[in-house]
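With mmCIF, C-alpha atoms inside, this is input_29.cif:
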data_entry
loop_
_atom_site.group_PDB
_atom_site.id
_atom_site.type_symbol
_atom_site.label_atom_id
_atom_site.label_comp_id
_atom_site.auth_asym_id
_atom_site.auth_seq_id
_atom_site.Cartn_x
_atom_site.Cartn_y
_atom_site.Cartn_z
ATOM 1 C CA MET A 233 -85.242 -2.809 -33.370
ATOM 2 C CA LYS A 234 -87.555 -0.414 -31.521
ATOM 3 C CA THR A 235 -86.462 1.169 -28.270
ATOM 4 C CA THR A 236 -88.852 1.469 -25.350
ATOM 5 C CA PRO A 237 -89.657 5.114 -24.488
ATOM 6 C CA TRP A 238 -88.258 6.107 -21.106
ATOM 7 C CA TRP A 239 -91.689 7.085 -19.751
ATOM 8 C CA ARG A 240 -93.117 3.676 -20.639
ATOM 9 C CA ALA A 241 -90.192 1.949 -18.938
ATOM 10 C CA LEU A 242 -90.692 4.177 -15.871
ATOM 11 C CA ASP A 243 -94.385 3.289 -15.734
ATOM 12 C CA ARG A 244 -93.588 -0.412 -16.005
ATOM 13 C CA HIS A 245 -90.907 -0.264 -13.314
ATOM 14 C CA SER A 246 -93.221 1.715 -11.030
ATOM 15 C CA LEU A 247 -95.993 -0.850 -11.491
ATOM 16 C CA GLU A 248 -93.614 -3.739 -10.860
ATOM 17 C CA GLY A 249 -92.281 -1.947 -7.774
ATOM 18 C CA ILE A 250 -95.782 -1.423 -6.364
ATOM 19 C CA ILE A 251 -96.721 -5.057 -6.943
ATOM 20 C CA GLY A 252 -93.410 -6.162 -5.440
ATOM 21 C CA LEU A 253 -94.094 -4.096 -2.295
ATOM 22 C CA ALA A 254 -97.603 -5.564 -2.110
ATOM 23 C CA LEU A 255 -96.137 -9.082 -2.343
ATOM 24 C CA LEU A 256 -93.714 -8.252 0.460
ATOM 25 C CA GLY A 257 -96.472 -6.761 2.618
ATOM 26 C CA VAL A 258 -98.791 -9.733 2.180
ATOM 27 C CA GLY A 259 -95.917 -12.134 2.831
ATOM 28 C CA LEU A 260 -95.114 -10.368 6.102
ATOM 29 C CA SER A 261 -98.799 -10.331 7.081
ATOM 30 C CA ILE A 262 -98.932 -14.120 6.644
ATOM 31 C CA LEU A 263 -95.865 -14.517 8.848
ATOM 32 C CA VAL A 264 -97.716 -13.358 11.986
ATOM 33 C CA PRO A 265 -100.493 -16.023 11.891
ATOM 34 C CA ILE A 266 -97.920 -18.666 10.899
ATOM 35 C CA LEU A 267 -95.942 -17.798 14.030
ATOM 36 C CA GLY A 268 -99.222 -18.100 15.913
ATOM 37 C CA VAL A 269 -99.743 -21.632 14.607
ATOM 38 C CA LEU A 270 -96.160 -22.523 15.569
ATOM 39 C CA GLY A 271 -96.813 -21.250 19.093
ATOM 40 C CA VAL A 272 -94.311 -18.380 18.923
ATOM 41 C CA LEU A 273 -97.114 -15.797 19.154
ATOM 42 C CA SER A 274 -100.583 -16.010 20.666
ATOM 43 C CA PRO A 275 -103.087 -16.241 17.784
ATOM 44 C CA THR A 276 -106.386 -14.360 17.975
ATOM 45 C CA ARG A 277 -109.529 -14.227 15.867
ATOM 46 C CA GLU A 278 -111.886 -11.328 15.303
ATOM 47 C CA VAL A 279 -115.551 -12.210 15.892
ATOM 48 C CA ARG A 280 -118.809 -10.291 15.944
ATOM 49 C CA LEU A 281 -121.022 -10.229 19.018
ATOM 50 C CA ASN A 282 -124.735 -11.038 18.933
ATOM 51 C CA ALA A 283 -125.850 -8.502 21.499
ATOM 52 C CA PRO A 284 -125.537 -4.826 20.605
ATOM 53 C CA ALA A 285 -123.575 -2.835 23.171
ATOM 54 C CA GLN A 286 -124.873 0.454 24.508
ATOM 55 C CA VAL A 287 -122.487 3.178 25.566
ATOM 56 C CA THR A 288 -123.636 6.357 27.304
ATOM 57 C CA ALA A 289 -121.634 9.306 26.064
ATOM 58 C CA PRO A 290 -120.458 11.574 28.893
ATOM 59 C CA SER A 291 -122.053 15.048 28.997
ATOM 60 C CA ALA A 292 -124.217 14.240 25.991
ATOM 61 C CA ASP A 293 -127.656 14.982 27.517
ATOM 62 C CA GLY A 294 -128.628 11.328 27.718
ATOM 63 C CA MET A 295 -127.539 10.478 24.187
ATOM 64 C CA THR A 296 -126.381 6.890 23.617
ATOM 65 C CA LEU A 297 -124.281 5.124 21.041
ATOM 66 C CA GLN A 298 -125.487 1.703 19.949
ATOM 67 C CA GLY A 299 -123.915 -0.830 17.665
ATOM 68 C CA THR A 300 -122.658 -4.334 17.224
ATOM 69 C CA HIS A 301 -119.073 -4.551 18.377
ATOM 70 C CA GLN A 302 -116.183 -6.602 17.164
ATOM 71 C CA ALA A 303 -114.303 -8.699 19.689
ATOM 72 C CA GLU A 304 -111.094 -10.681 19.758
ATOM 73 C CA LEU A 305 -111.353 -14.370 20.581
ATOM 74 C CA THR A 306 -108.322 -15.750 22.381
ATOM 75 C CA LEU A 307 -107.545 -19.014 24.169
ATOM 76 C CA ASN A 308 -105.482 -19.126 27.350
ATOM 77 C CA ASP A 309 -103.681 -22.365 26.522
ATOM 78 C CA PRO A 310 -104.414 -23.278 22.884
ATOM 79 C CA GLY A 311 -103.334 -26.614 21.472
ATOM 80 C CA LEU A 312 -102.044 -27.088 17.938
ATOM 81 C CA MET A 313 -105.539 -27.608 16.478
ATOM 82 C CA ASP A 314 -106.824 -24.536 18.307
ATOM 83 C CA ARG A 315 -103.988 -22.448 16.866
ATOM 84 C CA VAL A 316 -104.702 -23.788 13.371
ATOM 85 C CA LEU A 317 -108.391 -22.907 13.733
ATOM 86 C CA LEU A 318 -107.556 -19.420 15.012
ATOM 87 C CA ALA A 319 -105.019 -18.537 12.308
ATOM 88 C CA GLY A 320 -105.701 -20.982 9.450
ATOM 89 C CA PRO A 321 -108.294 -18.991 7.452
ATOM 90 C CA GLU A 322 -106.112 -15.871 7.583
ATOM 91 C CA ILE A 323 -103.110 -17.846 6.317
ATOM 92 C CA ILE A 324 -105.117 -19.361 3.461
ATOM 93 C CA GLN A 325 -106.465 -15.946 2.483
ATOM 94 C CA GLY A 326 -102.934 -14.530 2.466
ATOM 95 C CA ILE A 327 -101.671 -17.381 0.283
ATOM 96 C CA LEU A 328 -104.500 -16.795 -2.215
ATOM 97 C CA ILE A 329 -103.706 -13.068 -2.344
ATOM 98 C CA LEU A 330 -100.016 -13.876 -2.878
ATOM 99 C CA ALA A 331 -100.963 -16.135 -5.796
ATOM 100 C CA ILE A 332 -103.123 -13.376 -7.329
ATOM 101 C CA LEU A 333 -100.359 -10.775 -6.984
ATOM 102 C CA THR A 334 -97.836 -13.207 -8.497
ATOM 103 C CA LEU A 335 -100.064 -13.665 -11.555
ATOM 104 C CA ILE A 336 -100.469 -9.877 -11.874
ATOM 105 C CA MET A 337 -96.682 -9.550 -11.732
ATOM 106 C CA GLN A 338 -96.356 -12.151 -14.512
ATOM 107 C CA ILE A 339 -98.781 -10.111 -16.626
ATOM 108 C CA THR A 340 -96.686 -6.961 -16.139
ATOM 109 C CA MET A 341 -93.596 -8.909 -17.226
ATOM 110 C CA THR A 342 -95.105 -9.234 -20.713
ATOM 111 C CA PHE A 343 -94.973 -5.433 -21.060
ATOM 112 C CA ARG A 344 -91.172 -5.472 -21.190
ATOM 113 C CA GLY A 345 -89.408 -4.472 -24.385
ATOM 114 C CA GLU A 346 -91.722 -4.922 -27.329
ATOM 115 C CA GLY A 347 -93.976 -7.250 -25.388
ATOM 116 C CA ASP A 348 -97.538 -7.613 -26.581
ATOM 117 C CA ILE A 349 -100.327 -7.065 -24.061
ATOM 118 C CA PHE A 350 -102.469 -9.529 -26.028
ATOM 119 C CA ASP A 351 -100.245 -12.437 -25.063
ATOM 120 C CA ARG A 352 -101.999 -15.795 -24.738
ATOM 121 C CA ARG A 353 -100.399 -16.180 -21.313
ATOM 122 C CA ASN A 354 -102.188 -13.050 -20.099
ATOM 123 C CA THR A 355 -105.558 -14.559 -20.962
ATOM 124 C CA ARG A 356 -104.741 -17.672 -18.917
ATOM 125 C CA HIS A 357 -103.404 -15.547 -16.047
ATOM 126 C CA LEU A 358 -106.579 -13.452 -15.953
ATOM 127 C CA TYR A 359 -108.797 -16.556 -15.866
ATOM 128 C CA ARG A 360 -106.693 -17.898 -12.987
ATOM 129 C CA ILE A 361 -106.975 -14.572 -11.174
ATOM 130 C CA ALA A 362 -110.765 -14.683 -11.624
ATOM 131 C CA ALA A 363 -110.880 -18.216 -10.191
ATOM 132 C CA LEU A 364 -108.653 -17.321 -7.225
ATOM 133 C CA LEU A 365 -110.743 -14.232 -6.459
ATOM 134 C CA LEU A 366 -113.914 -16.335 -6.524
ATOM 135 C CA VAL A 367 -112.330 -18.859 -4.158
ATOM 136 C CA THR A 368 -111.239 -16.017 -1.863
ATOM 137 C CA ALA A 369 -114.759 -14.556 -1.895
ATOM 138 C CA THR A 370 -116.528 -17.849 -1.139
ATOM 139 C CA LEU A 371 -114.176 -20.385 0.461
ATOM 140 C CA VAL A 372 -112.342 -18.141 2.937
ATOM 141 C CA PRO A 373 -115.549 -16.859 4.622
ATOM 142 C CA GLY A 374 -116.741 -20.476 4.823
ATOM 143 C CA LEU A 375 -113.518 -21.570 6.499
ATOM 144 C CA ASP A 376 -113.760 -18.616 8.865
ATOM 145 C CA VAL A 377 -117.316 -19.570 9.879
ATOM 146 C CA ALA A 378 -116.390 -23.245 10.303
ATOM 147 C CA ALA A 379 -113.313 -22.457 12.408
ATOM 148 C CA THR A 380 -115.161 -20.022 14.677
ATOM 149 C CA ASN A 381 -118.058 -22.446 15.057
ATOM 150 C CA ILE A 382 -115.735 -25.289 16.097
ATOM 151 C CA LEU A 383 -113.927 -23.043 18.589
ATOM 152 C CA VAL A 384 -116.993 -21.687 20.424
ATOM 153 C CA THR A 385 -119.460 -24.594 20.187
ATOM 154 C CA GLY A 386 -120.093 -26.085 23.620
ATOM 155 C CA THR A 387 -118.578 -23.080 25.407
ATOM 156 C CA PRO A 388 -120.280 -20.164 27.228
ATOM 157 C CA LEU A 389 -119.219 -17.939 24.316
ATOM 158 C CA ALA A 390 -121.480 -19.768 21.869
ATOM 159 C CA GLN A 391 -124.468 -17.538 22.691
ATOM 160 C CA ALA A 392 -122.475 -14.315 22.465
ATOM 161 C CA VAL A 393 -120.634 -14.855 19.181
ATOM 162 C CA GLU A 394 -122.498 -14.202 15.938
ATOM 163 C CA ILE A 395 -121.605 -16.665 13.184
ATOM 164 C CA ASN A 396 -122.825 -15.739 9.712
ATOM 165 C CA TYR A 397 -121.580 -16.847 6.311
ATOM 166 C CA GLU A 398 -121.181 -13.826 4.054
ATOM 167 C CA ILE A 399 -119.641 -13.850 0.596
ATOM 168 C CA SER A 400 -117.207 -11.000 -0.014
ATOM 169 C CA GLY A 401 -119.060 -8.891 -2.552
ATOM 170 C CA ILE A 402 -116.023 -6.846 -3.601
ATOM 171 C CA GLU A 403 -113.893 -9.907 -4.366
ATOM 172 C CA ALA A 404 -116.789 -11.601 -6.178
ATOM 173 C CA LEU A 405 -117.218 -8.462 -8.319
ATOM 174 C CA LEU A 406 -113.475 -8.323 -9.017
ATOM 175 C CA SER A 407 -113.663 -11.975 -10.066
ATOM 176 C CA LEU A 408 -116.348 -11.148 -12.648
ATOM 177 C CA ILE A 409 -114.307 -8.177 -13.904
ATOM 178 C CA ALA A 410 -111.179 -10.347 -14.230
ATOM 179 C CA ALA A 411 -113.168 -12.995 -16.135
ATOM 180 C CA ALA A 412 -114.556 -10.305 -18.464
ATOM 181 C CA LEU A 413 -111.042 -8.949 -19.041
ATOM 182 C CA ALA A 414 -109.821 -12.467 -19.787
ATOM 183 C CA GLY A 415 -112.554 -12.833 -22.402
ATOM 184 C CA ALA A 416 -111.568 -9.482 -23.951
ATOM 185 C CA PHE A 417 -107.893 -10.459 -23.955
ATOM 186 C CA GLY A 418 -108.769 -13.796 -25.553
ATOM 187 C CA TYR A 419 -110.745 -12.025 -28.275
ATOM 188 C CA GLY A 420 -107.871 -9.587 -28.844
ATOM 189 C CA THR A 421 -105.392 -12.461 -29.084
ATOM 190 C CA ARG A 422 -107.527 -14.288 -31.669
ATOM 191 C CA LEU A 423 -108.056 -11.076 -33.626
ATOM 192 C CA ARG A 424 -104.315 -10.381 -33.629
ATOM 193 C CA ALA A 425 -103.601 -13.933 -34.856
ATOM 194 C CA ASP A 426 -106.231 -13.654 -37.616
ATOM 195 C CA THR A 427 -104.898 -10.254 -38.703
ATOM 196 C CA GLU A 428 -101.322 -11.516 -38.884
ATOM 197 C CA GLY A 429 -102.520 -14.466 -40.922
ATOM 198 C CA LEU A 430 -104.029 -12.137 -43.511
ATOM 199 C CA VAL A 431 -100.947 -9.931 -43.900
#
Serialized structure, structure tokens:
Amino acid sequence: MKTTPWWRALDRHSLEGIIGLALLGVGLSILVPILGVLGVLSPTREVRLNAPAQVTAPSADGMTLQGTHQAELTLNDPGLMDRVLLAGPEIIQGILILAILTLIMQITMTFRGEGDIFDRRNTRHLYRIAALLLVTATLVPGLDVAATNILVTGTPLAQAVEINYEISGIEALLSLIAAALAGAFGYGTRLRADTEGLV
């Protein structure tokens, strides 16, 4: 029976610890919007403004700073549906990230002992991670646009708030990378099975 080198065990424990802290951090970040939906806290939503704001810098010889500013959308007396619209997309995004981190943790679990990285479960986990990342990149921005649109339509803020649907490029790219890794893991798993069958 082979023993695991201490440095490999340390690396594995460090990785599991980092992922565990990330899970805790994301879980706590979801708690705030959930409390907003429950009415314990006042939920807010970040929006972009249509009109660029100009700021004159003091003692800058007439120089100006210009840019599109972010703003926080709040409601004085939000009902339950208003609170859901304000905090819902953030909660859903947090849940998706929790699911992704949980799958990554399950992959690291296969490294224990004499675990094989080319485990069939890892291939399935990577495909699920790719799917969840794609959903996060496409669905969450759509929900964010829909929620903001419902909140400001028919109000004086409708002309000031900019509502654009934008896919998250980073998460879409990570989804493609995860899918490519899943394909590589699947090939490695099949190759390992074929090799063992020949020995």
Quiz item: In Å to one decimal, how far is CA of Phe417 (chain A) from CA of Arg352 (chain A)?
Solution: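 Between these atoms lies a distance of 8.0 Å.
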Exercise. Could you tell me how far CA of Gly401 (chain A) lies from CA of Gly259 (chain A), in Å and to one decimal?
Key: 24.0 Å
Practice problem: Report the distance between CA of Glu278 (chain A) and CA of Leu389 (chain A) in Å, rounded to one decimal place. | Solution: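 Atom-to-atom, CA of Glu278 (chain A) and CA of Leu389 (chain A) are spaced 13.4 Å apart.
Evaluated against the shown file, the PyMOL selection byres ((chain A and resi 403-405) around 10) gives Ala362, Ala363, Leu364, Leu365, Leu366, Val367, Thr368, Ala369, Thr370, Ile399, Ser400, Gly401, Ile402, Leu406, Ser407, Leu408, Ile409, Ala410 and Ala411 of chain A.
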Quiz prompt | Exercise: region 332-337 of chain A partners within 12 Å, all atoms listed in the file, chain neighbours under 5 positions left out, as a PyMOL selection string | solution = chain A and resi 244-259+325-327+342-344+353-368+403+406-407+410
Self-check item: Residue members of the PyMOL selection byres ((chain A and resi 309-313) around 8) in the file shown, as number ranges by chain
Solution: A: 269-271, 307-308, 314-317
Quiz item: If you apply the PyMOL selection byres ((chain A and resi 279) around 9) to this file, what residues do you get, as JSON, numbers by chain?
Solution: {"A": [277, 278, 280, 281, 301, 302, 303, 304, 305, 380, 393, 394, 395]}
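Closest to Ala319 (chain A) among A:Met341, A:Ile349, A:Ile266, A:Leu273 is A:Ile266, based on all atoms listed in the file.
The shell of residues at most 8 Å from region 375-377 of chain A, with all atoms listed in the file counted and near chain neighbours (fewer than 3 positions) removed, consists of A:Pro321, A:Leu371, A:Val372, A:Thr380, A:Asn381, A:Ile395, A:Asn396, A:Tyr397.
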Quiz item: Closest to Gly374 (chain A) among A:Thr306, A:Ile324, A:Glu398, A:Ala331, using all atoms listed in the file?
Solution: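 The closest residue to Gly374 (chain A) is A:Glu398.
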Write out as AutoDock Vina command-line options an axis-aligned box for region 370-373 of chain A: all of its atoms listed in the file, 3 Å added on each side, centre and edge lengths in Å with one decimal.
--center_x -114.4 --center_y -18.6 --center_z 1.7 --size_x 10.2 --size_y 9.5 --size_z 11.8
